[in-house]
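Visitor: There's a structure below that I have some questions on.
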Amino acid sequence: MNMHVTPEPNMYRYDEFDRKFVDARVEQFRDQVARRLDGTITEDEFKPMRLMNGLYHQLHAYMLRVAVPYGTMSARQLNVLADIADKYDRGYGHWTTRQNIQYNWVRLEETADILDMLAGVEMHAIQTSGNCIRNTTTDPYAGAAADELADPRPVCELIRQWSSLHPEFTYLPRKFKIAVTGSPNDRAAVKVHDIGLRMHLNEAGERGWEVLVGGGQGRTPMVAVTVRDWLPEADLLPYLTAIMRVYNLVGRRDNKYKARIKILVHEMGAEAFSAAVEREFAEASRETLEVDARELARISSYFAAPAFETLPAFVPEIEERKLADRGFRQWLTANTVAHKVPGYTIVNASFKPAGGIPGDATSEQMRGVARLAERYSFGEVRVTHAQNLTMPHVRTRDLIEVWQQLRDQGLAEANIGLIGDIISCPGLDYCALATARSIPVAQEISARFADIRKQHDVGPLKLNISGCINACGHHHVGHIGILGVDKKGKEFYQITLGGSSTENSSIGKILGPGFGADEIAGAIETVVETYLNVREQGEEFLQTYRRLGAAPFKEALYAGN
Amino acid sequence: MNDKTEDCSEYVVTANEVLSGDTVFRNLQDKWVRGIDDAAVLKCQDSGFVALGDAQKDEHANIVMGAYLVEVSRESGAIRPVHIRERIRALGPTVRADLAQVAQGFSTSEVVDL
Amino acid sequence: MPVIENNAFVDDVWSNLHEGDSARDRSMIIVPLARLEEVLAGWPEDHRGLGVDVPNDADIAVLTPHLARLDIVTLNFPGFADGRAFSQARSIRHTEHFTGTIRARGGFLPDQYGFLLQSGVDSFEVSDRFSLAEWVRHAGSVPATYQRDYATGGLATRPFAEAGSRREQPSFG
Ligand code: HEM
Ligand code: SF4
């Protein structure tokens, strides 16, 4: 009688076809592993095959990157991610900046079983690595944010399907990342992706897409250029196909570091590149357009808004508690976001405890958030590109309960968007490509800023750390960025200032000589203190930097040296 | 303390096991072991290369992958890689003492802290 | 080298015109792209049996005016990771509607066989490293494709759903 029914959120669900596809892909991988082990194929040949199923080999072990398509998952799926962490890994996972989860300790012989388990809840690791089209990312608040024009996820799912095992575009010059935003306030970093798509509405209320190409981070960070101001939605896939074809045919393959599309756009010039795309697009087959429109309609039907209740926007208990309880007030300010439906609120769970490892989640924490999402958020969870989880649809009147329960799990640190909410890549503690550790630096800085009052006083500040020039930790677009380098066998850290990944995207500039591992946290404190001294009333860190430039920070850090 | 000449450092042979992906070291019996403290220490690069050549047979047999030489030194009796990257690779992540090789029983002495 | 077509070994009826060879009085030859115009100039209009070998950095546009007179185009894989020939094949087959043979040569792997077929390749010059069965088995190792207009024989595509059939109405919320 008392049967517990897990609520299923309105999100894309596999049909027979999707299921058959993903199952076959798992079996194909199992077969590839068997051929690697019996010597039919070499490690050099196997490597791209395993990468296309998200399997890396890192510093200590194999690492599996599982896609959370456009960051949306159900509580049921999150529970399975927790089960995988316990059964096949060491009880935890790591949220990445591209809305994926990474497991650090999987075994080759068990990977196909993990993929099977994922397939059981309509998930996979397809194209989470390799020189192919990666997991499409979007606004973690999609379908919920008050400021969005429309939910971008149907288009993301359309792109997911279009890009999955695309016969023509799976052996590209280099990896290829697409990000989509349905809000004018870009939370998906579309300007630092290979392709960024921004939704616009015309006067008739029809959706169209601004297409940006050639952004990226890594060793040559670039902000994308707009190649189309307005692309009718129906033209989306043929246009993406045209971009991919131009890139696949003429993108550089002579040098791995020059193989991203940003280099091609840069070397050809945006105009010539765009002309080449338009030429290809003009020849593209239009017979598929109508198909895409029908597909999009089919997909969209899955993303219907959940059954929101009609609720008052103003909830007296919440307002009272806000006045009475500073901890709650701080949490509300930093960790919740306005919802488009009155009486609902978007809630972030912070995976950034002071002194903790940014983005690491234990299986217990995953289950904890899954339980809360089932109870309070229509069973729906999001992964954010700042390595946190989001419950998109919480009734405002439930906020006190949700806050308390998150606090019990250590997930209510009131620091979202503040200096404690550090983005950090795994760095040398896990990554084979790293030149320095990044996690310990993040830990030391967040410990120094453990005082939440101080963090709120400092205000919005994005601090991002990468353990090498590949920039997985987004240091180029942090308001403050830290890059770990190797200097004669010692870890050394460079500071960049002024980066941003929003609609006003910019690449941070190196401030000056770097700092040793024992100096970097102190240097960051100096930067923050300097900002507090020179800021004007109500001015955020980035605004101060844009107004004054690097001079006061340089002065504070290097004067006397 | 340090009796090695400039061009004659000490080395161990390391690789990763194909099935598990784990970091492994070659011991005196030409077997692969998980703890660096059980590794065979080879004096001078020349003998290192001989041992490496032997180890590479196991690469062809698909037992291990990516075998190479790691320069080590002795620290209070323990065998420790000289370069920080190799130290972390041999000893485990520095930010999870519970997952370090010491905690797993594959390594002696507490040198997780670099 | 063995050639696979329609999932079976076939006799290779083509030979390559090497540097300095004359094309006069020959037939069933594949000429390097660089010599195509020269050979075509001396090739009778109604004469068949000519093919071209296209480097993978060549612009397919240069082939367009000549495709009607060609029976085979060979595309190249310097290594399996270099995927330019997939797009070349697709352009020639789909955009240019070439109906002759498109042959892949070089270092591609059985795991790419299905994608090659889907991109428009229908002839495969292979080494004896892998058996015929190994190649053929990969034609459908994932027997379904999302790309309807790349589907080749036997591959499933999603059946058309009635728009909005799952829930009341498509809605973007
Ligand atoms: C630990 C294994 C990882 C490896 C081997 C790895 C490798 C790389 C490499 C080589 C690049 C540079 C690409 C280029 O410039 O062409 C890169 C970029 C990037 N990675 Fe990672 N990465 C790893 C983990 C992560 C993690 C944990 C995250 C998220 C926290 C991440 C997110 C990104 C992002 C956002 C970029 C920059 C965007 C771009 O330009 O592609 N990666 N990664
Ligand atoms: S930025 Fe460098 S160190 Fe960090 S995860 Fe990426 S490749 Fe590894």
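Residues are referred to by chain and number: the chain letter is A, B, ... according to the order shown in the structure tokens, the number counts from 1 in that chain, and ligands are numbered separately from 1 in the order shown.
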Dump as an MDAnalysis selection string the residues of chain A that approach chain B to within 6 Å, counting only C-alpha atoms.
Guide: chainID A and resid 59:62 107:109 429
Visitor: Write out, as a PDB file, in the first residue's frame, the residues just selected, with C-alpha atoms.
Guide:
ATOM      1  CA  LEU A  59      47.873   9.156 -13.776  1.00  0.00           C
ATOM      2  CA  HIS A  60      46.745   6.281 -11.538  1.00  0.00           C
ATOM      3  CA  ALA A  61      44.101   4.327 -13.378  1.00  0.00           C
ATOM      4  CA  TYR A  62      41.471   4.365 -16.093  1.00  0.00           C
ATOM      5  CA  ARG A 107      38.892  -1.017 -14.536  1.00  0.00           C
ATOM      6  CA  LEU A 108      39.002  -1.776 -18.248  1.00  0.00           C
ATOM      7  CA  GLU A 109      37.498  -5.208 -17.777  1.00  0.00           C
ATOM      8  CA  ASP A 429      46.636  14.598  -8.268  1.00  0.00           C
TER       9      ASP A 429
END
Visitor: With only C-alpha atoms considered, list every residue of chain A at most 6 Å from chain C, as a list in words.
Guide: Phe17, Phe21, Ala24, Arg25, Asp151, Pro167, Glu168, Tyr171, Leu172, Asn248, Leu249, Arg294, Ala297, Arg298, Ser300, Ser301, Ala304 and Ala305 of chain A
Visitor: CA of Gly143 (chain A) and CA of Leu236 (chain A), how far apart in Å?
Guide: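 Computed distance, CA of Leu236 (chain A) to CA of Gly143 (chain A), equals 20.3 Å.
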Visitor: List the neighbours of Ile79 (chain B) out to 6 Å using only C-alpha atoms; skip same-chain residues closer than 3 positions along the sequence, and give me the result as a PDB file with all heavy atoms, in the first residue's frame.
Guide:
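As a result, result-v2.pdb now contains:
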ATOM      1  N   ASP B  37      57.740   0.324  -3.251  1.00  0.00           N
ATOM      2  CA  ASP B  37      58.749  -0.146  -2.312  1.00  0.00           C
ATOM      3  C   ASP B  37      59.213  -1.568  -2.613  1.00  0.00           C
ATOM      4  O   ASP B  37      60.254  -1.995  -2.116  1.00  0.00           O
ATOM      5  CB  ASP B  37      58.206  -0.049  -0.875  1.00  0.00           C
ATOM      6  CG  ASP B  37      58.117   1.409  -0.452  1.00  0.00           C
ATOM      7  OD1 ASP B  37      59.096   2.136  -0.681  1.00  0.00           O
ATOM      8  OD2 ASP B  37      57.069   1.824   0.048  1.00  0.00           O
ATOM      9  N   SER B  73      65.170   8.006  -5.831  1.00  0.00           N
ATOM     10  CA  SER B  73      66.234   8.105  -4.838  1.00  0.00           C
ATOM     11  C   SER B  73      65.726   7.431  -3.568  1.00  0.00           C
ATOM     12  O   SER B  73      64.553   7.095  -3.464  1.00  0.00           O
ATOM     13  CB  SER B  73      66.606   9.565  -4.582  1.00  0.00           C
ATOM     14  OG  SER B  73      65.535  10.207  -3.933  1.00  0.00           O
ATOM     15  N   ARG B  74      66.627   7.226  -2.611  1.00  0.00           N
ATOM     16  CA  ARG B  74      66.232   6.581  -1.349  1.00  0.00           C
ATOM     17  C   ARG B  74      65.952   7.663  -0.325  1.00  0.00           C
ATOM     18  O   ARG B  74      66.781   8.547  -0.121  1.00  0.00           O
ATOM     19  CB  ARG B  74      67.364   5.711  -0.811  1.00  0.00           C
ATOM     20  CG  ARG B  74      67.908   4.744  -1.812  1.00  0.00           C
ATOM     21  CD  ARG B  74      66.999   3.546  -1.909  1.00  0.00           C
ATOM     22  NE  ARG B  74      67.604   2.565  -2.809  1.00  0.00           N
ATOM     23  CZ  ARG B  74      67.415   1.271  -2.702  1.00  0.00           C
ATOM     24  NH1 ARG B  74      66.627   0.788  -1.742  1.00  0.00           N
ATOM     25  NH2 ARG B  74      67.982   0.455  -3.553  1.00  0.00           N
TER      26      ARG B  74
END
Visitor: Enter the distance from CA of Ser274 (chain A) to atom 17 (C, counted along the ligand's line) of ligand 1, in Å, rounded to one decimal.
Guide: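 It comes out at 25.5 Å.
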Visitor: Within 6 Å of ligand 1, counting only C-alpha atoms and all ligand atoms, which protein or nucleic acid residues do you find, written as a list in words?
Guide: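 Listed by chain and ascending number, the contacts are Thr96, Thr97, Arg98, Gly216, Gln217, Gly218, Arg219, Arg260, Cys425, Pro426, Cys431, Leu433, Asn470, Ala471, Cys472, Gly473 and His474 of chain A.
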Visitor: If you measure from CA of Glu519 (chain A) to CA of Lys462 (chain A), what distance in Å do you get, rounded to one decimal?
Guide: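 Taking CA of Glu519 (chain A) and CA of Lys462 (chain A), their separation equals 19.8 Å.
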Visitor: Among region 216-455 of chain A, which residues does DSSP mark as helix (DSSP H, G or I) when it is run on the backbone? Keep the chain and numbering as in the structure and answer as a PyMOL selection string.
Guide: chain A and resi 233-250+256-258+261-268+270-283+287-303+316-324+326-335+363-376+396-408+427-429+439-448+452-455
Visitor: Can you list, as an mmCIF file with all heavy atoms, in the first residue's frame, all residues belonging to chain B that DSSP tags as strand (DSSP E or B)?
Guide:
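Output below, filename states.cif:
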data_model
loop_
_atom_site.group_PDB
_atom_site.id
_atom_site.type_symbol
_atom_site.label_atom_id
_atom_site.label_comp_id
_atom_site.auth_asym_id
_atom_site.auth_seq_id
_atom_site.Cartn_x
_atom_site.Cartn_y
_atom_site.Cartn_z
ATOM 1 N N GLU B 10 69.552 6.220 -10.087
ATOM 2 C CA GLU B 10 68.835 4.963 -9.882
ATOM 3 C C GLU B 10 67.462 5.022 -10.547
ATOM 4 O O GLU B 10 66.827 6.081 -10.574
ATOM 5 C CB GLU B 10 68.669 4.708 -8.379
ATOM 6 C CG GLU B 10 70.008 4.465 -7.692
ATOM 7 C CD GLU B 10 69.843 4.145 -6.217
ATOM 8 O OE1 GLU B 10 69.018 4.797 -5.546
ATOM 9 O OE2 GLU B 10 70.529 3.236 -5.756
ATOM 10 N N TYR B 11 67.031 3.878 -11.040
ATOM 11 C CA TYR B 11 65.764 3.840 -11.776
ATOM 12 C C TYR B 11 64.915 2.649 -11.350
ATOM 13 O O TYR B 11 65.438 1.635 -10.887
ATOM 14 C CB TYR B 11 66.028 3.732 -13.285
ATOM 15 C CG TYR B 11 66.694 4.953 -13.847
ATOM 16 C CD1 TYR B 11 68.083 5.039 -13.897
ATOM 17 C CD2 TYR B 11 65.937 6.026 -14.306
ATOM 18 C CE1 TYR B 11 68.709 6.172 -14.384
ATOM 19 C CE2 TYR B 11 66.546 7.161 -14.804
ATOM 20 C CZ TYR B 11 67.937 7.229 -14.835
ATOM 21 O OH TYR B 11 68.524 8.356 -15.324
ATOM 22 N N VAL B 12 63.635 2.786 -11.540
ATOM 23 C CA VAL B 12 62.765 1.610 -11.470
ATOM 24 C C VAL B 12 61.976 1.554 -12.777
ATOM 25 O O VAL B 12 61.818 2.565 -13.460
ATOM 26 C CB VAL B 12 61.783 1.664 -10.266
ATOM 27 C CG1 VAL B 12 62.540 1.672 -8.950
ATOM 28 C CG2 VAL B 12 60.866 2.863 -10.364
ATOM 29 N N VAL B 13 61.513 0.358 -13.123
ATOM 30 C CA VAL B 13 60.696 0.201 -14.322
ATOM 31 C C VAL B 13 59.231 0.246 -13.904
ATOM 32 O O VAL B 13 58.824 -0.446 -12.971
ATOM 33 C CB VAL B 13 60.985 -1.139 -15.028
ATOM 34 C CG1 VAL B 13 60.056 -1.315 -16.235
ATOM 35 C CG2 VAL B 13 62.434 -1.201 -15.475
ATOM 36 N N THR B 14 58.466 1.069 -14.580
ATOM 37 C CA THR B 14 57.051 1.160 -14.257
ATOM 38 C C THR B 14 56.212 1.001 -15.526
ATOM 39 O O THR B 14 56.724 1.116 -16.638
ATOM 40 C CB THR B 14 56.734 2.502 -13.573
ATOM 41 O OG1 THR B 14 55.373 2.483 -13.132
ATOM 42 C CG2 THR B 14 56.909 3.665 -14.531
ATOM 43 N N ALA B 15 54.918 0.713 -15.331
ATOM 44 C CA ALA B 15 53.988 0.592 -16.449
ATOM 45 C C ALA B 15 52.593 0.633 -15.846
ATOM 46 O O ALA B 15 52.437 0.898 -14.655
ATOM 47 C CB ALA B 15 54.200 -0.726 -17.201
ATOM 48 N N ASN B 16 51.590 0.421 -16.672
ATOM 49 C CA ASN B 16 50.239 0.261 -16.142
ATOM 50 C C ASN B 16 49.676 -1.059 -16.618
ATOM 51 O O ASN B 16 49.863 -1.458 -17.763
ATOM 52 C CB ASN B 16 49.334 1.406 -16.594
ATOM 53 C CG ASN B 16 49.687 2.695 -15.883
ATOM 54 O OD1 ASN B 16 50.567 3.443 -16.322
ATOM 55 N ND2 ASN B 16 49.045 2.931 -14.757
ATOM 56 N N GLU B 17 48.992 -1.711 -15.717
ATOM 57 C CA GLU B 17 48.390 -2.990 -16.052
ATOM 58 C C GLU B 17 47.219 -2.733 -16.997
ATOM 59 O O GLU B 17 46.404 -1.843 -16.741
ATOM 60 C CB GLU B 17 47.898 -3.643 -14.763
ATOM 61 C CG GLU B 17 47.599 -5.110 -14.910
ATOM 62 C CD GLU B 17 47.174 -5.699 -13.575
ATOM 63 O OE1 GLU B 17 46.192 -5.206 -12.981
ATOM 64 O OE2 GLU B 17 47.824 -6.645 -13.130
ATOM 65 N N THR B 23 48.858 1.486 -11.716
ATOM 66 C CA THR B 23 50.299 1.710 -11.791
ATOM 67 C C THR B 23 51.010 0.496 -11.205
ATOM 68 O O THR B 23 50.677 0.054 -10.103
ATOM 69 C CB THR B 23 50.667 2.956 -10.969
ATOM 70 O OG1 THR B 23 49.973 4.071 -11.522
ATOM 71 C CG2 THR B 23 52.163 3.207 -10.992
ATOM 72 N N VAL B 24 51.969 -0.043 -11.941
ATOM 73 C CA VAL B 24 52.714 -1.199 -11.432
ATOM 74 C C VAL B 24 54.217 -0.982 -11.641
ATOM 75 O O VAL B 24 54.631 -0.176 -12.474
ATOM 76 C CB VAL B 24 52.279 -2.514 -12.117
ATOM 77 C CG1 VAL B 24 50.898 -2.950 -11.638
ATOM 78 C CG2 VAL B 24 52.307 -2.391 -13.630
ATOM 79 N N PHE B 25 54.990 -1.702 -10.835
ATOM 80 C CA PHE B 25 56.448 -1.617 -10.905
ATOM 81 C C PHE B 25 57.014 -3.021 -11.069
ATOM 82 O O PHE B 25 56.402 -3.997 -10.661
ATOM 83 C CB PHE B 25 57.002 -0.964 -9.637
ATOM 84 C CG PHE B 25 56.490 0.432 -9.433
ATOM 85 C CD1 PHE B 25 55.337 0.661 -8.693
ATOM 86 C CD2 PHE B 25 57.131 1.516 -10.019
ATOM 87 C CE1 PHE B 25 54.843 1.945 -8.519
ATOM 88 C CE2 PHE B 25 56.649 2.800 -9.858
ATOM 89 C CZ PHE B 25 55.498 3.021 -9.112
ATOM 90 N N ARG B 26 58.201 -3.090 -11.655
ATOM 91 C CA ARG B 26 58.844 -4.378 -11.889
ATOM 92 C C ARG B 26 59.712 -4.722 -10.676
ATOM 93 O O ARG B 26 60.515 -3.892 -10.244
ATOM 94 C CB ARG B 26 59.725 -4.213 -13.130
ATOM 95 C CG ARG B 26 60.169 -5.492 -13.747
ATOM 96 C CD ARG B 26 59.367 -5.766 -14.977
ATOM 97 N NE ARG B 26 60.017 -6.783 -15.796
ATOM 98 C CZ ARG B 26 59.352 -7.725 -16.415
ATOM 99 N NH1 ARG B 26 58.024 -7.780 -16.316
ATOM 100 N NH2 ARG B 26 59.976 -8.603 -17.162
ATOM 101 N N TRP B 32 55.263 -7.930 -11.909
ATOM 102 C CA TRP B 32 54.710 -6.594 -11.721
ATOM 103 C C TRP B 32 54.031 -6.507 -10.351
ATOM 104 O O TRP B 32 53.208 -7.353 -10.015
ATOM 105 C CB TRP B 32 53.697 -6.272 -12.814
ATOM 106 C CG TRP B 32 54.344 -6.218 -14.172
ATOM 107 C CD1 TRP B 32 54.318 -7.188 -15.121
ATOM 108 C CD2 TRP B 32 55.131 -5.153 -14.702
ATOM 109 N NE1 TRP B 32 55.037 -6.801 -16.230
ATOM 110 C CE2 TRP B 32 55.556 -5.545 -16.002
ATOM 111 C CE3 TRP B 32 55.540 -3.899 -14.218
ATOM 112 C CZ2 TRP B 32 56.337 -4.726 -16.811
ATOM 113 C CZ3 TRP B 32 56.320 -3.088 -15.037
ATOM 114 C CH2 TRP B 32 56.717 -3.503 -16.315
ATOM 115 N N VAL B 33 54.399 -5.477 -9.596
ATOM 116 C CA VAL B 33 53.814 -5.304 -8.276
ATOM 117 C C VAL B 33 53.254 -3.884 -8.142
ATOM 118 O O VAL B 33 53.652 -2.982 -8.866
ATOM 119 C CB VAL B 33 54.871 -5.527 -7.168
ATOM 120 C CG1 VAL B 33 55.275 -6.990 -7.121
ATOM 121 C CG2 VAL B 33 56.080 -4.620 -7.383
ATOM 122 N N LEU B 42 67.396 -0.137 -10.186
ATOM 123 C CA LEU B 42 68.444 -0.406 -11.171
ATOM 124 C C LEU B 42 69.441 0.733 -11.138
ATOM 125 O O LEU B 42 69.066 1.896 -11.232
ATOM 126 C CB LEU B 42 67.821 -0.533 -12.553
ATOM 127 C CG LEU B 42 66.639 -1.510 -12.558
ATOM 128 C CD1 LEU B 42 65.643 -1.159 -13.637
ATOM 129 C CD2 LEU B 42 67.143 -2.924 -12.676
ATOM 130 N N LYS B 43 70.674 0.356 -11.018
ATOM 131 C CA LYS B 43 71.718 1.385 -10.961
ATOM 132 C C LYS B 43 72.120 1.753 -12.376
ATOM 133 O O LYS B 43 72.442 0.884 -13.173
ATOM 134 C CB LYS B 43 72.936 0.839 -10.204
ATOM 135 C CG LYS B 43 72.784 0.940 -8.696
ATOM 136 C CD LYS B 43 74.142 1.270 -8.062
ATOM 137 C CE LYS B 43 74.007 1.653 -6.607
ATOM 138 N NZ LYS B 43 73.389 2.943 -6.411
ATOM 139 N N VAL B 64 50.794 -5.317 -19.776
ATOM 140 C CA VAL B 64 50.948 -3.938 -19.319
ATOM 141 C C VAL B 64 51.001 -3.011 -20.535
ATOM 142 O O VAL B 64 51.096 -3.471 -21.674
ATOM 143 C CB VAL B 64 52.241 -3.736 -18.478
ATOM 144 C CG1 VAL B 64 52.196 -4.566 -17.219
ATOM 145 C CG2 VAL B 64 53.472 -4.032 -19.323
ATOM 146 N N MET B 65 50.933 -1.718 -20.265
ATOM 147 C CA MET B 65 51.120 -0.743 -21.348
ATOM 148 C C MET B 65 51.997 0.396 -20.868
ATOM 149 O O MET B 65 52.097 0.673 -19.671
ATOM 150 C CB MET B 65 49.772 -0.223 -21.821
ATOM 151 C CG MET B 65 48.917 0.370 -20.717
ATOM 152 S SD MET B 65 47.254 0.717 -21.322
ATOM 153 C CE MET B 65 46.425 1.077 -19.779
ATOM 154 N N GLY B 66 52.645 1.026 -21.825
ATOM 155 C CA GLY B 66 53.408 2.242 -21.552
ATOM 156 C C GLY B 66 54.529 2.082 -20.538
ATOM 157 O O GLY B 66 54.683 2.912 -19.652
ATOM 158 N N ALA B 67 55.347 1.028 -20.672
ATOM 159 C CA ALA B 67 56.456 0.854 -19.720
ATOM 160 C C ALA B 67 57.514 1.930 -19.932
ATOM 161 O O ALA B 67 57.807 2.318 -21.059
ATOM 162 C CB ALA B 67 57.074 -0.533 -19.880
ATOM 163 N N TYR B 68 58.065 2.433 -18.842
ATOM 164 C CA TYR B 68 59.157 3.408 -18.925
ATOM 165 C C TYR B 68 59.961 3.408 -17.637
ATOM 166 O O TYR B 68 59.589 2.745 -16.666
ATOM 167 C CB TYR B 68 58.635 4.814 -19.257
ATOM 168 C CG TYR B 68 57.722 5.436 -18.214
ATOM 169 C CD1 TYR B 68 58.198 6.387 -17.318
ATOM 170 C CD2 TYR B 68 56.383 5.081 -18.153
ATOM 171 C CE1 TYR B 68 57.363 6.974 -16.376
ATOM 172 C CE2 TYR B 68 55.539 5.661 -17.214
ATOM 173 C CZ TYR B 68 56.032 6.604 -16.329
ATOM 174 O OH TYR B 68 55.197 7.177 -15.396
ATOM 175 N N LEU B 69 61.076 4.144 -17.659
ATOM 176 C CA LEU B 69 61.956 4.220 -16.494
ATOM 177 C C LEU B 69 61.651 5.468 -15.683
ATOM 178 O O LEU B 69 61.425 6.531 -16.238
ATOM 179 C CB LEU B 69 63.421 4.314 -16.957
ATOM 180 C CG LEU B 69 64.048 3.075 -17.586
ATOM 181 C CD1 LEU B 69 65.492 3.393 -17.959
ATOM 182 C CD2 LEU B 69 63.980 1.889 -16.637
ATOM 183 N N VAL B 70 61.661 5.290 -14.369
ATOM 184 C CA VAL B 70 61.451 6.429 -13.478
ATOM 185 C C VAL B 70 62.681 6.591 -12.599
ATOM 186 O O VAL B 70 63.143 5.629 -11.982
ATOM 187 C CB VAL B 70 60.225 6.187 -12.567
ATOM 188 C CG1 VAL B 70 60.116 7.289 -11.520
ATOM 189 C CG2 VAL B 70 58.967 6.118 -13.396
ATOM 190 N N GLU B 71 63.196 7.802 -12.557
ATOM 191 C CA GLU B 71 64.353 8.057 -11.705
ATOM 192 C C GLU B 71 63.901 8.126 -10.245
ATOM 193 O O GLU B 71 62.909 8.786 -9.930
ATOM 194 C CB GLU B 71 65.008 9.379 -12.110
ATOM 195 C CG GLU B 71 66.335 9.574 -11.420
ATOM 196 C CD GLU B 71 66.972 10.918 -11.763
ATOM 197 O OE1 GLU B 71 66.561 11.535 -12.763
ATOM 198 O OE2 GLU B 71 67.861 11.337 -11.011
ATOM 199 N N VAL B 72 64.643 7.430 -9.384
ATOM 200 C CA VAL B 72 64.268 7.397 -7.963
ATOM 201 C C VAL B 72 65.464 7.737 -7.078
ATOM 202 O O VAL B 72 66.610 7.763 -7.542
ATOM 203 C CB VAL B 72 63.744 5.999 -7.544
ATOM 204 C CG1 VAL B 72 62.465 5.660 -8.281
ATOM 205 C CG2 VAL B 72 64.807 4.926 -7.771
ATOM 206 N N SER B 73 65.170 8.006 -5.831
ATOM 207 C CA SER B 73 66.234 8.105 -4.838
ATOM 208 C C SER B 73 65.726 7.431 -3.568
ATOM 209 O O SER B 73 64.553 7.095 -3.464
ATOM 210 C CB SER B 73 66.606 9.565 -4.582
ATOM 211 O OG SER B 73 65.535 10.207 -3.933
ATOM 212 N N ARG B 74 66.627 7.226 -2.611
ATOM 213 C CA ARG B 74 66.232 6.581 -1.349
ATOM 214 C C ARG B 74 65.952 7.663 -0.325
ATOM 215 O O ARG B 74 66.781 8.547 -0.121
ATOM 216 C CB ARG B 74 67.364 5.711 -0.811
ATOM 217 C CG ARG B 74 67.908 4.744 -1.812
ATOM 218 C CD ARG B 74 66.999 3.546 -1.909
ATOM 219 N NE ARG B 74 67.604 2.565 -2.809
ATOM 220 C CZ ARG B 74 67.415 1.271 -2.702
ATOM 221 N NH1 ARG B 74 66.627 0.788 -1.742
ATOM 222 N NH2 ARG B 74 67.982 0.455 -3.553
ATOM 223 N N GLU B 75 64.813 7.549 0.289
ATOM 224 C CA GLU B 75 64.505 8.495 1.359
ATOM 225 C C GLU B 75 64.153 7.685 2.597
ATOM 226 O O GLU B 75 63.130 7.023 2.620
ATOM 227 C CB GLU B 75 63.336 9.389 0.956
ATOM 228 C CG GLU B 75 63.724 10.349 -0.161
ATOM 229 C CD GLU B 75 62.536 11.099 -0.716
ATOM 230 O OE1 GLU B 75 61.501 11.185 -0.035
ATOM 231 O OE2 GLU B 75 62.653 11.577 -1.859
ATOM 232 N N ALA B 78 63.028 4.256 1.974
ATOM 233 C CA ALA B 78 61.966 4.063 0.999
ATOM 234 C C ALA B 78 62.432 4.490 -0.400
ATOM 235 O O ALA B 78 63.273 5.377 -0.528
ATOM 236 C CB ALA B 78 60.738 4.865 1.407
ATOM 237 N N ILE B 79 61.870 3.848 -1.410
ATOM 238 C CA ILE B 79 62.212 4.213 -2.788
ATOM 239 C C ILE B 79 61.243 5.295 -3.247
ATOM 240 O O ILE B 79 60.026 5.073 -3.220
ATOM 241 C CB ILE B 79 62.085 2.983 -3.715
ATOM 242 C CG1 ILE B 79 62.980 1.845 -3.203
ATOM 243 C CG2 ILE B 79 62.402 3.348 -5.150
ATOM 244 C CD1 ILE B 79 62.652 0.506 -3.838
ATOM 245 N N ARG B 80 61.762 6.425 -3.621
ATOM 246 C CA ARG B 80 60.880 7.527 -4.002
ATOM 247 C C ARG B 80 61.297 8.161 -5.322
ATOM 248 O O ARG B 80 62.476 8.482 -5.513
ATOM 249 C CB ARG B 80 60.913 8.611 -2.916
ATOM 250 C CG ARG B 80 60.269 8.190 -1.616
ATOM 251 C CD ARG B 80 58.764 7.944 -1.804
ATOM 252 N NE ARG B 80 58.174 7.324 -0.639
ATOM 253 C CZ ARG B 80 57.806 6.041 -0.559
ATOM 254 N NH1 ARG B 80 57.985 5.227 -1.578
ATOM 255 N NH2 ARG B 80 57.256 5.568 0.528
ATOM 256 N N PRO B 81 60.327 8.358 -6.242
ATOM 257 C CA PRO B 81 60.655 9.038 -7.494
ATOM 258 C C PRO B 81 61.162 10.450 -7.209
ATOM 259 O O PRO B 81 60.761 11.079 -6.227
ATOM 260 C CB PRO B 81 59.328 9.092 -8.242
ATOM 261 C CG PRO B 81 58.523 7.982 -7.657
ATOM 262 C CD PRO B 81 58.936 7.900 -6.223
#
Visitor: Compile the contact shell of region 157-165 of chain A as a VMD selection string: residues with an atom at most 8 Å away, counting only C-alpha atoms, same-chain residues fewer than 5 positions apart removed.
Guide: (chain A and resid 12 69 to 70 126 to 127 133 135 to 136 170 237 295 to 296 299) or (chain C and resid 145 to 147)
Visitor: Which residue gives the smallest distance to ligand 2 among A:Met199, A:Met63, A:Ala234, A:Val22, with only C-alpha atoms and all ligand atoms counted?
Guide: A:Met63
Visitor: With only C-alpha atoms and all ligand atoms as the atoms that count, which of A:Leu231, A:Gln102, A:Ala82, A:Ser446 lies nearest to ligand 2?
Guide: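 Counting only C-alpha atoms and all ligand atoms, the residue closest to ligand 2 is A:Gln102.
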Visitor: Considering only C-alpha atoms and all ligand atoms, can you say which of A:His57, A:Pro513, A:Pro232, A:Ala521 comes closest to ligand 2?
Guide: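 Closest to ligand 2 of all the choices is A:His57.
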